[in-house]
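Coordinates as given in query-v4.cif (mmCIF, C-alpha atoms and all ligand atoms):
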data_input
#
loop_
_atom_site.label_atom_id
_atom_site.label_comp_id
_atom_site.auth_asym_id
_atom_site.auth_seq_id
_atom_site.Cartn_x
_atom_site.Cartn_y
_atom_site.Cartn_z
CA MET A 191 -45.80 251.88 48.54
CA SER A 192 -45.75 251.38 44.83
CA ASN A 193 -43.09 251.10 42.15
CA ARG A 194 -45.62 251.81 39.40
CA PRO A 195 -44.64 254.89 37.37
CA ILE A 196 -45.72 258.49 37.69
CA GLY A 197 -47.54 259.32 34.44
CA ILE A 198 -47.04 262.79 33.02
CA PHE A 199 -48.48 264.34 29.87
CA ASP A 200 -48.42 267.61 27.98
CA SER A 201 -49.49 268.84 24.57
CA GLY A 202 -45.83 268.60 23.65
CA ILE A 203 -42.32 268.95 25.00
CA GLY A 204 -43.01 271.86 27.41
CA GLY A 205 -44.16 269.64 30.27
CA THR A 206 -40.63 268.25 30.45
CA SER A 207 -39.98 271.38 32.56
CA ILE A 208 -42.34 269.79 35.12
CA PHE A 209 -40.95 266.28 34.63
CA LYS A 210 -37.45 267.62 35.45
CA GLU A 211 -38.70 269.21 38.71
CA ILE A 212 -40.45 265.98 39.69
CA HIS A 213 -37.41 263.87 38.92
CA ALA A 214 -35.15 266.23 40.90
CA LEU A 215 -37.44 266.03 43.94
CA LEU A 216 -38.30 262.33 43.64
CA PRO A 217 -35.23 260.72 42.06
CA ASN A 218 -36.26 257.21 43.08
CA GLU A 219 -39.56 257.31 41.17
CA ASN A 220 -40.19 255.60 37.85
CA SER A 221 -41.82 257.90 35.29
CA ILE A 222 -43.46 257.91 31.90
CA TYR A 223 -43.86 261.15 29.96
CA LEU A 224 -46.10 261.67 26.93
CA ALA A 225 -45.46 264.59 24.58
CA ASP A 226 -48.54 264.88 22.36
CA SER A 227 -46.57 267.03 19.91
CA LYS A 228 -48.62 265.77 16.94
CA ASN A 229 -51.61 267.64 18.36
CA ALA A 230 -49.78 270.72 19.70
CA PRO A 231 -50.69 273.41 20.29
CA TYR A 232 -53.72 272.67 22.46
CA GLY A 233 -54.07 276.35 23.29
CA ASN A 234 -56.21 277.29 20.29
CA LYS A 235 -58.43 274.20 20.36
CA SER A 236 -62.00 273.98 21.66
CA GLU A 237 -62.69 272.87 25.23
CA GLU A 238 -64.15 269.61 23.88
CA ASP A 239 -61.06 268.86 21.77
CA ILE A 240 -58.76 269.56 24.72
CA LEU A 241 -60.88 267.22 26.85
CA GLN A 242 -60.78 264.40 24.27
CA LEU A 243 -56.99 264.70 23.89
CA SER A 244 -56.57 264.69 27.68
CA ILE A 245 -58.69 261.53 27.92
CA LYS A 246 -56.60 259.85 25.21
CA ASN A 247 -53.34 260.68 27.03
CA THR A 248 -54.75 259.65 30.42
CA GLU A 249 -55.96 256.27 29.14
CA LEU A 250 -52.57 255.50 27.60
CA LEU A 251 -50.80 256.39 30.86
CA LEU A 252 -53.24 254.17 32.76
CA ARG A 253 -52.58 251.28 30.35
CA LYS A 254 -48.92 251.79 31.23
CA LYS A 255 -49.90 251.33 34.90
CA SER A 256 -49.43 254.91 36.15
CA LYS A 257 -50.19 255.28 39.86
CA ILE A 258 -50.76 259.05 39.61
CA ILE A 259 -51.14 261.37 36.64
CA VAL A 260 -49.55 264.78 36.38
CA VAL A 261 -51.29 266.97 33.83
CA ALA A 262 -48.18 268.99 32.97
CA CYS A 263 -50.12 271.42 30.84
CA ASN A 264 -52.01 274.50 32.03
CA THR A 265 -54.37 274.32 29.06
CA ALA A 266 -55.36 270.70 29.74
CA THR A 267 -55.60 271.31 33.50
CA THR A 268 -57.85 274.34 33.26
CA ASN A 269 -60.12 272.67 30.70
CA ALA A 270 -60.15 268.99 31.62
CA ILE A 271 -58.90 268.13 35.11
CA ALA A 272 -62.32 268.24 36.78
CA TYR A 273 -63.59 265.66 34.30
CA LEU A 274 -60.49 263.46 34.69
CA ARG A 275 -60.75 263.51 38.49
CA ASN A 276 -64.41 262.54 38.32
CA ASN A 277 -63.92 259.69 35.88
CA TYR A 278 -60.68 257.91 36.72
CA ASP A 279 -59.51 256.24 39.90
CA VAL A 280 -55.95 257.56 40.25
CA PRO A 281 -55.01 260.92 41.81
CA PHE A 282 -54.43 263.79 39.35
CA ILE A 283 -52.05 266.71 39.83
CA GLY A 284 -52.59 269.77 37.66
CA ILE A 285 -50.88 273.05 36.94
CA GLU A 286 -52.51 276.46 36.83
CA PRO A 287 -51.07 279.95 36.38
CA ALA A 288 -49.74 281.08 39.78
CA ILE A 289 -51.78 284.25 39.98
CA LYS A 290 -52.14 284.09 43.77
CA PRO A 291 -48.47 284.56 44.79
CA ALA A 292 -48.06 287.30 42.18
CA ALA A 293 -51.15 289.13 43.47
CA LEU A 294 -49.94 288.84 47.07
CA LYS A 295 -46.45 290.14 46.36
CA THR A 296 -46.95 292.89 43.78
CA ARG A 297 -46.07 296.43 44.85
CA THR A 298 -46.90 298.13 41.59
CA LYS A 299 -50.37 296.51 41.67
CA ALA A 300 -49.84 295.30 38.13
CA VAL A 301 -48.93 291.76 37.10
CA GLY A 302 -48.53 290.19 33.69
CA ILE A 303 -49.71 286.74 32.71
CA LEU A 304 -48.54 284.94 29.63
CA ALA A 305 -50.61 281.84 28.82
CA THR A 306 -52.46 280.17 25.98
CA LYS A 307 -55.86 281.30 24.76
CA GLY A 308 -57.33 278.04 26.11
CA THR A 309 -56.07 278.78 29.62
CA LEU A 310 -56.99 282.48 29.64
CA SER A 311 -60.53 281.75 28.47
CA SER A 312 -61.15 278.88 30.92
CA GLN A 313 -63.63 279.16 33.78
CA LEU A 314 -61.03 277.93 36.26
CA PHE A 315 -58.63 280.74 35.36
CA HIS A 316 -61.39 283.38 35.66
CA LYS A 317 -62.42 282.03 39.02
CA THR A 318 -58.86 282.13 40.39
CA THR A 319 -58.29 285.65 39.06
CA ASP A 320 -61.58 286.89 40.56
CA ILE A 321 -60.71 285.43 43.97
CA TYR A 322 -57.08 286.54 44.27
CA ALA A 323 -56.53 289.43 41.92
CA SER A 324 -59.65 291.55 42.00
CA ASP A 325 -57.81 294.61 43.38
CA ILE A 326 -54.84 294.57 41.02
CA GLU A 327 -54.40 295.03 37.32
CA VAL A 328 -53.81 291.75 35.49
CA ILE A 329 -52.40 292.21 32.00
CA GLU A 330 -53.28 289.00 30.17
CA GLN A 331 -51.40 288.04 27.05
CA ASP A 332 -52.20 285.12 24.78
CA GLY A 333 -48.84 283.61 23.83
CA ASP A 334 -50.07 282.65 20.37
CA GLY A 335 -47.20 281.24 18.28
CA ILE A 336 -44.75 280.55 21.12
CA VAL A 337 -45.57 276.84 21.53
CA PRO A 338 -45.29 276.09 17.76
CA LEU A 339 -41.87 277.79 17.69
CA ILE A 340 -40.63 275.70 20.65
CA GLU A 341 -42.15 272.54 19.16
CA SER A 342 -40.30 273.18 15.89
CA GLY A 343 -36.95 273.62 17.60
CA LYS A 344 -36.89 277.45 17.35
CA LEU A 345 -36.60 278.22 21.05
CA HIS A 346 -33.53 280.36 20.50
CA SER A 347 -34.40 282.33 17.39
CA ASP A 348 -34.87 285.93 16.26
CA GLU A 349 -38.51 285.08 15.55
CA MET A 350 -39.01 284.09 19.19
CA GLU A 351 -37.33 287.19 20.50
CA SER A 352 -39.38 289.58 18.41
CA LEU A 353 -42.63 287.76 19.29
CA LEU A 354 -41.79 288.02 22.99
CA LYS A 355 -40.91 291.71 22.67
CA THR A 356 -44.36 292.37 21.21
CA TYR A 357 -46.08 290.40 23.98
CA LEU A 358 -44.13 291.99 26.82
CA LYS A 359 -44.44 295.61 25.69
CA PRO A 360 -48.00 296.25 26.99
CA MET A 361 -47.00 294.69 30.32
CA ILE A 362 -43.85 296.77 30.66
CA ASP A 363 -45.86 299.88 29.73
CA LYS A 364 -48.24 299.09 32.62
CA ASN A 365 -45.30 298.81 35.04
CA ILE A 366 -45.69 295.13 36.02
CA ASP A 367 -43.37 293.80 38.70
CA HIS A 368 -44.34 290.12 38.32
CA LEU A 369 -44.76 287.96 35.25
CA VAL A 370 -46.68 284.71 35.70
CA LEU A 371 -45.77 281.94 33.29
CA GLY A 372 -49.04 280.17 32.52
CA CYS A 373 -47.79 277.47 30.18
CA THR A 374 -45.31 274.68 30.84
CA HIS A 375 -43.39 275.44 27.65
CA TYR A 376 -42.50 278.92 28.93
CA PRO A 377 -39.91 278.10 31.66
CA TYR A 378 -37.57 277.36 28.74
CA LEU A 379 -37.93 281.03 27.79
CA ILE A 380 -36.73 282.37 31.16
CA PRO A 381 -33.20 283.35 29.98
CA ILE A 382 -34.69 285.30 27.04
CA LEU A 383 -37.45 286.84 29.18
CA LYS A 384 -34.88 288.04 31.72
CA LYS A 385 -33.02 289.79 28.95
CA LEU A 386 -36.16 291.53 27.70
CA LEU A 387 -37.80 292.47 31.01
CA PRO A 388 -36.80 295.27 33.41
CA GLU A 389 -34.70 293.91 36.27
CA LYS A 390 -37.39 294.50 38.89
CA VAL A 391 -39.78 292.00 37.27
CA THR A 392 -39.96 288.66 39.08
CA ILE A 393 -40.85 285.68 36.91
CA ILE A 394 -43.21 283.20 38.55
CA ASP A 395 -43.19 279.60 37.43
CA SER A 396 -45.07 276.88 39.28
CA GLY A 397 -42.95 273.84 38.32
CA LEU A 398 -41.46 273.28 41.75
CA ALA A 399 -44.83 273.71 43.45
CA VAL A 400 -46.27 270.99 41.19
CA ALA A 401 -43.41 268.64 42.08
CA LYS A 402 -43.97 269.26 45.81
CA GLN A 403 -47.68 268.65 45.44
CA THR A 404 -46.96 265.39 43.58
CA LYS A 405 -44.75 264.29 46.47
CA ASN A 406 -47.41 265.27 49.05
CA ILE A 407 -50.16 263.36 47.28
CA LEU A 408 -47.99 260.26 46.77
CA THR A 409 -47.07 260.36 50.45
CA ALA A 410 -50.65 260.86 51.61
CA ASN A 411 -51.81 257.92 49.48
CA ASN A 412 -48.92 255.71 50.54
CA LEU A 413 -47.78 255.49 46.93
CA LEU A 414 -44.12 256.53 47.15
CA ASN A 415 -41.67 254.07 45.65
CA GLN A 416 -39.74 252.78 48.62
CA LEU A 417 -37.98 250.00 46.79
CA GLU A 418 -34.30 250.74 46.39
CA THR A 419 -33.94 251.15 42.64
CA LYS A 420 -30.43 251.91 41.44
CA GLU A 421 -31.63 253.41 38.18
CA PRO A 422 -35.28 254.39 38.03
CA TYR A 423 -37.17 253.44 34.89
CA ILE A 424 -37.76 256.69 33.01
CA LYS A 425 -39.20 256.78 29.56
CA LEU A 426 -40.31 259.76 27.45
CA TYR A 427 -42.47 259.30 24.37
CA SER A 428 -43.32 261.74 21.61
CA ASN A 429 -45.68 261.31 18.68
CA GLY A 430 -43.86 264.16 16.92
CA ASN A 431 -40.24 265.05 16.25
CA ILE A 432 -38.19 262.90 18.60
CA ASP A 433 -34.94 264.85 18.07
CA ILE A 434 -36.54 268.05 19.38
CA LEU A 435 -37.72 266.21 22.50
CA LYS A 436 -34.24 264.75 22.99
CA SER A 437 -32.60 268.14 22.67
CA ILE A 438 -34.86 269.78 25.27
CA ILE A 439 -33.96 267.06 27.79
CA ASP A 440 -30.28 267.32 26.81
CA ASN A 441 -30.34 263.63 25.88
CA GLU A 442 -30.28 262.83 29.57
CA PHE A 443 -33.20 260.38 29.58
CA GLU A 444 -34.43 257.66 27.26
CA ALA A 445 -36.84 259.05 24.66
CA SER A 446 -38.53 257.38 21.73
CA TYR A 447 -41.24 257.83 19.13
CA LEU A 448 -44.66 256.38 19.81
CA ASP A 449 -47.78 256.76 17.70
CA PHE A 450 -50.62 257.69 20.05
N1 LIG B 501 -47.69 273.31 27.72
C1 LIG B 501 -49.04 273.69 27.40
C2 LIG B 501 -49.61 274.51 28.55
O1 LIG B 501 -49.07 274.48 29.63
C3 LIG B 501 -49.07 274.33 26.05
C4 LIG B 501 -50.42 274.41 25.48
C5 LIG B 501 -50.49 274.37 24.00
O2 LIG B 501 -50.17 273.34 23.45
O3 LIG B 501 -50.94 275.35 23.43
O4 LIG B 501 -50.60 275.18 28.42
#

Take the structure in the file and write it out as structure tokens.
Amino acid sequence: MSNRPIGIFDSGIGGTSIFKEIHALLPNENSIYLADSKNAPYGNKSEEDILQLSIKNTELLLRKKSKIIVVACNTATTNAIAYLRNNYDVPFIGIEPAIKPAALKTRTKAVGILATKGTLSSQLFHKTTDIYASDIEVIEQDGDGIVPLIESGKLHSDEMESLLKTYLKPMIDKNIDHLVLGCTHYPYLIPILKKLLPEKVTIIDSGLAVAKQTKNILTANNLLNQLETKEPYIKLYSNGNIDILKSIIDNEFEASYLDF
């Protein structure tokens, strides 16, 4: 057992959607979250840049004694997790677009995927799509512009709604019945997406699956915190606008600015 924290990072505030799932499932665990908002979005950066930023975040979380690292970013997972697993001693949990359940459940044989350019162009994403979705139509959409709007506090804005309308139209035209969210910022869009999508479209988000996997790996490695902590130590850091981070977590957890 270990009371060292779970380390979590994302290119910005989106990965808090994963942090919340982990905290709900493992309320006794201490956690540290890094929002690398200064460098967001990662989605349009080169594979090498995404790797270097992922290394920087990982090393900071390790200096803060993380016992496991959750890469709460599809873009960083699909471009960097293999390297991280090969080069650091702690277990890593990643997140990838959940193409498999969508491909298994679709009746219209058409599914939409909204993700960053970095995720859609990664080898890992192509491999997964080839294995699970070769007999269905996958309508890929680069969500260019969505992350910067969320990072600048414009989650609920006319700009966001019209951008989403443009991105969803080709998918709706192709009669999708599942939409896979391939970026950890996007679960915050679910209420807006539900308004814009036909009722039959199921939205697939892998946040809960990531939390369950984190629990499984902690259990398997005998790393769960079994000390009775009344209040777990939870700390979120951003190197960008701290008020926007605080508002997305409804001021429920301690958050502060850190230059990293
Ligand atoms: N939350 C990141 C992801 O899951 C956003 C990437 C970005 O910064 O573009 O991919």

Residue nearest ligand LIG 501 (chain B) among A:Leu448, A:Leu426, A:Leu417, A:Ala266 (counting all atoms listed in the file): A:Ala266

Please tabulate, as JSON lines, the residues of chain A that come within 10 Å of ligand LIG 501 (chain B), each with its closest pair of atoms and the distance in Å to one decimal, counting only C-alpha atoms and all ligand atoms and ordering rows by chain, then residue number upward.
{"residue": "A:Phe199", "atom": "CA", "partner": "B:LIG501", "partner_atom": "N1", "distance": 9.3}
{"residue": "A:Asp200", "atom": "CA", "partner": "B:LIG501", "partner_atom": "N1", "distance": 5.8}
{"residue": "A:Ser201", "atom": "CA", "partner": "B:LIG501", "partner_atom": "O2", "distance": 4.7}
{"residue": "A:Gly202", "atom": "CA", "partner": "B:LIG501", "partner_atom": "O2", "distance": 6.4}
{"residue": "A:Ile203", "atom": "CA", "partner": "B:LIG501", "partner_atom": "N1", "distance": 7.4}
{"residue": "A:Gly204", "atom": "CA", "partner": "B:LIG501", "partner_atom": "N1", "distance": 4.9}
{"residue": "A:Gly205", "atom": "CA", "partner": "B:LIG501", "partner_atom": "N1", "distance": 5.7}
{"residue": "A:Thr206", "atom": "CA", "partner": "B:LIG501", "partner_atom": "N1", "distance": 9.1}
{"residue": "A:Ser207", "atom": "CA", "partner": "B:LIG501", "partner_atom": "N1", "distance": 9.3}
{"residue": "A:Ile208", "atom": "CA", "partner": "B:LIG501", "partner_atom": "N1", "distance": 9.8}
{"residue": "A:Ala225", "atom": "CA", "partner": "B:LIG501", "partner_atom": "N1", "distance": 9.5}
{"residue": "A:Asp226", "atom": "CA", "partner": "B:LIG501", "partner_atom": "O2", "distance": 8.7}
{"residue": "A:Ser227", "atom": "CA", "partner": "B:LIG501", "partner_atom": "O2", "distance": 8.1}
{"residue": "A:Asn229", "atom": "CA", "partner": "B:LIG501", "partner_atom": "O2", "distance": 7.8}
{"residue": "A:Ala230", "atom": "CA", "partner": "B:LIG501", "partner_atom": "O2", "distance": 4.6}
{"residue": "A:Pro231", "atom": "CA", "partner": "B:LIG501", "partner_atom": "O2", "distance": 3.2}
{"residue": "A:Tyr232", "atom": "CA", "partner": "B:LIG501", "partner_atom": "O2", "distance": 3.7}
{"residue": "A:Gly233", "atom": "CA", "partner": "B:LIG501", "partner_atom": "O3", "distance": 3.3}
{"residue": "A:Asn234", "atom": "CA", "partner": "B:LIG501", "partner_atom": "O3", "distance": 6.4}
{"residue": "A:Lys235", "atom": "CA", "partner": "B:LIG501", "partner_atom": "O3", "distance": 8.2}
{"residue": "A:Ile240", "atom": "CA", "partner": "B:LIG501", "partner_atom": "O2", "distance": 9.5}
{"residue": "A:Val261", "atom": "CA", "partner": "B:LIG501", "partner_atom": "O1", "distance": 8.9}
{"residue": "A:Ala262", "atom": "CA", "partner": "B:LIG501", "partner_atom": "O1", "distance": 6.5}
{"residue": "A:Cys263", "atom": "CA", "partner": "B:LIG501", "partner_atom": "O1", "distance": 3.5}
{"residue": "A:Asn264", "atom": "CA", "partner": "B:LIG501", "partner_atom": "O1", "distance": 3.8}
{"residue": "A:Thr265", "atom": "CA", "partner": "B:LIG501", "partner_atom": "O4", "distance": 3.9}
{"residue": "A:Ala266", "atom": "CA", "partner": "B:LIG501", "partner_atom": "O4", "distance": 6.7}
{"residue": "A:Thr267", "atom": "CA", "partner": "B:LIG501", "partner_atom": "O4", "distance": 8.1}
{"residue": "A:Thr268", "atom": "CA", "partner": "B:LIG501", "partner_atom": "O4", "distance": 8.8}
{"residue": "A:Gly284", "atom": "CA", "partner": "B:LIG501", "partner_atom": "O1", "distance": 10.0}
{"residue": "A:Ile285", "atom": "CA", "partner": "B:LIG501", "partner_atom": "O1", "distance": 7.7}
{"residue": "A:Glu286", "atom": "CA", "partner": "B:LIG501", "partner_atom": "O1", "distance": 8.2}
{"residue": "A:Pro287", "atom": "CA", "partner": "B:LIG501", "partner_atom": "O1", "distance": 8.9}
{"residue": "A:Ala305", "atom": "CA", "partner": "B:LIG501", "partner_atom": "O4", "distance": 6.7}
{"residue": "A:Thr306", "atom": "CA", "partner": "B:LIG501", "partner_atom": "O3", "distance": 5.7}
{"residue": "A:Lys307", "atom": "CA", "partner": "B:LIG501", "partner_atom": "O3", "distance": 7.8}
{"residue": "A:Gly308", "atom": "CA", "partner": "B:LIG501", "partner_atom": "O3", "distance": 7.4}
{"residue": "A:Thr309", "atom": "CA", "partner": "B:LIG501", "partner_atom": "O4", "distance": 6.7}
{"residue": "A:Leu310", "atom": "CA", "partner": "B:LIG501", "partner_atom": "O4", "distance": 9.8}
{"residue": "A:Asp332", "atom": "CA", "partner": "B:LIG501", "partner_atom": "O3", "distance": 9.9}
{"residue": "A:Gly333", "atom": "CA", "partner": "B:LIG501", "partner_atom": "O3", "distance": 8.5}
{"residue": "A:Asp334", "atom": "CA", "partner": "B:LIG501", "partner_atom": "O3", "distance": 8.0}
{"residue": "A:Gly335", "atom": "CA", "partner": "B:LIG501", "partner_atom": "O3", "distance": 8.7}
{"residue": "A:Ile336", "atom": "CA", "partner": "B:LIG501", "partner_atom": "O3", "distance": 8.4}
{"residue": "A:Val337", "atom": "CA", "partner": "B:LIG501", "partner_atom": "O3", "distance": 5.9}
{"residue": "A:Pro338", "atom": "CA", "partner": "B:LIG501", "partner_atom": "O2", "distance": 8.0}
{"residue": "A:Glu341", "atom": "CA", "partner": "B:LIG501", "partner_atom": "O2", "distance": 9.1}
{"residue": "A:Leu371", "atom": "CA", "partner": "B:LIG501", "partner_atom": "O1", "distance": 8.9}
{"residue": "A:Gly372", "atom": "CA", "partner": "B:LIG501", "partner_atom": "O1", "distance": 6.4}
{"residue": "A:Cys373", "atom": "CA", "partner": "B:LIG501", "partner_atom": "O1", "distance": 3.3}
{"residue": "A:Thr374", "atom": "CA", "partner": "B:LIG501", "partner_atom": "O1", "distance": 4.0}
{"residue": "A:His375", "atom": "CA", "partner": "B:LIG501", "partner_atom": "N1", "distance": 4.8}
{"residue": "A:Tyr376", "atom": "CA", "partner": "B:LIG501", "partner_atom": "N1", "distance": 7.7}
{"residue": "A:Pro377", "atom": "CA", "partner": "B:LIG501", "partner_atom": "N1", "distance": 9.9}

Residue with smallest distance to A:Pro422 - pool A:Leu339, A:Leu314, A:Lys344, A:Glu444, counting all atoms listed in the file: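 Looking only at the distances to A:Pro422, the closest residue turns out to be A:Glu444.
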
Gap from atom CA of A:Met350 to atom CA of A:Leu386 - Å, one decimal: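 Result for atom CA of A:Met350 versus atom CA of A:Leu386: 11.7 Å, one decimal.
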
All residues 12 Å or closer to A:Thr404, only C-alpha atoms, same chain fewer than 3 positions away omitted, as a tab-separated table (two decimals) with C-alpha atoms, keeping the file's coordinate frame:
chain	number	residue	atom	x	y	z
A	196	ILE	CA	-45.72	258.49	37.69
A	197	GLY	CA	-47.54	259.32	34.44
A	198	ILE	CA	-47.04	262.79	33.02
A	208	ILE	CA	-42.34	269.79	35.12
A	209	PHE	CA	-40.95	266.28	34.63
A	211	GLU	CA	-38.70	269.21	38.71
A	212	ILE	CA	-40.45	265.98	39.69
A	213	HIS	CA	-37.41	263.87	38.92
A	215	LEU	CA	-37.44	266.03	43.94
A	216	LEU	CA	-38.30	262.33	43.64
A	219	GLU	CA	-39.56	257.31	41.17
A	257	LYS	CA	-50.19	255.28	39.86
A	258	ILE	CA	-50.76	259.05	39.61
A	259	ILE	CA	-51.14	261.37	36.64
A	260	VAL	CA	-49.55	264.78	36.38
A	261	VAL	CA	-51.29	266.97	33.83
A	262	ALA	CA	-48.18	268.99	32.97
A	281	PRO	CA	-55.01	260.92	41.81
A	282	PHE	CA	-54.43	263.79	39.35
A	283	ILE	CA	-52.05	266.71	39.83
A	284	GLY	CA	-52.59	269.77	37.66
A	285	ILE	CA	-50.88	273.05	36.94
A	397	GLY	CA	-42.95	273.84	38.32
A	398	LEU	CA	-41.46	273.28	41.75
A	399	ALA	CA	-44.83	273.71	43.45
A	400	VAL	CA	-46.27	270.99	41.19
A	401	ALA	CA	-43.41	268.64	42.08
A	407	ILE	CA	-50.16	263.36	47.28
A	408	LEU	CA	-47.99	260.26	46.77
A	409	THR	CA	-47.07	260.36	50.45
A	410	ALA	CA	-50.65	260.86	51.61
A	411	ASN	CA	-51.81	257.92	49.48
A	413	LEU	CA	-47.78	255.49	46.93
A	414	LEU	CA	-44.12	256.53	47.15

Using only C-alpha atoms: which of A:Gly302, A:Gly343, A:Pro381, A:Pro291 has the shortest distance to A:Tyr357: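 Smallest separation from A:Tyr357 among the options: A:Gly302.
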
One-decimal distance in Å that lies between atom CA of A:Ala300 and atom CA of A:Ser396: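 These two atoms are separated by 19.1 Å.
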
Close residues, A:Pro360 itself excluded, 10 Å, all atoms listed in the file, min 3 positions apart in chain, as number ranges by chain: A: 302, 329-331, 355-357, 363-366

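Across A:Phe315, A:Ser244, A:Val328, A:Asp348, the tightest approach to A:Thr298 is made by A:Val328 when counting only C-alpha atoms.
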
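Proximity to A:Asn220 was assessed for A:Ser312, A:Thr248, A:Asn276, A:Ser256 counting all atoms listed in the file; the smallest distance is recorded for A:Ser256.
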
Which residue of A:Lys384, A:Pro195, A:Leu241, A:Ala293 approaches A:Val280 most closely, using all atoms listed in the file: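 When distances to A:Val280 are compared using all atoms listed in the file, the smallest one comes from A:Pro195.
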
Padding of 5 Å on every side, edges along x, y and z, all listed atoms of stretch 216-229 of chain A included: what centre and edge lengths in Å, to one decimal, does that box have, as lines of an AutoDock Vina configuration file?
center_x = -43.4
center_y = 261.6
center_z = 30.3
size_x = 26.4
size_y = 22.0
size_z = 36.7

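We find atom CA of A:Ala292 and atom CA of A:Ser347 to be spaced 28.7 Å apart.
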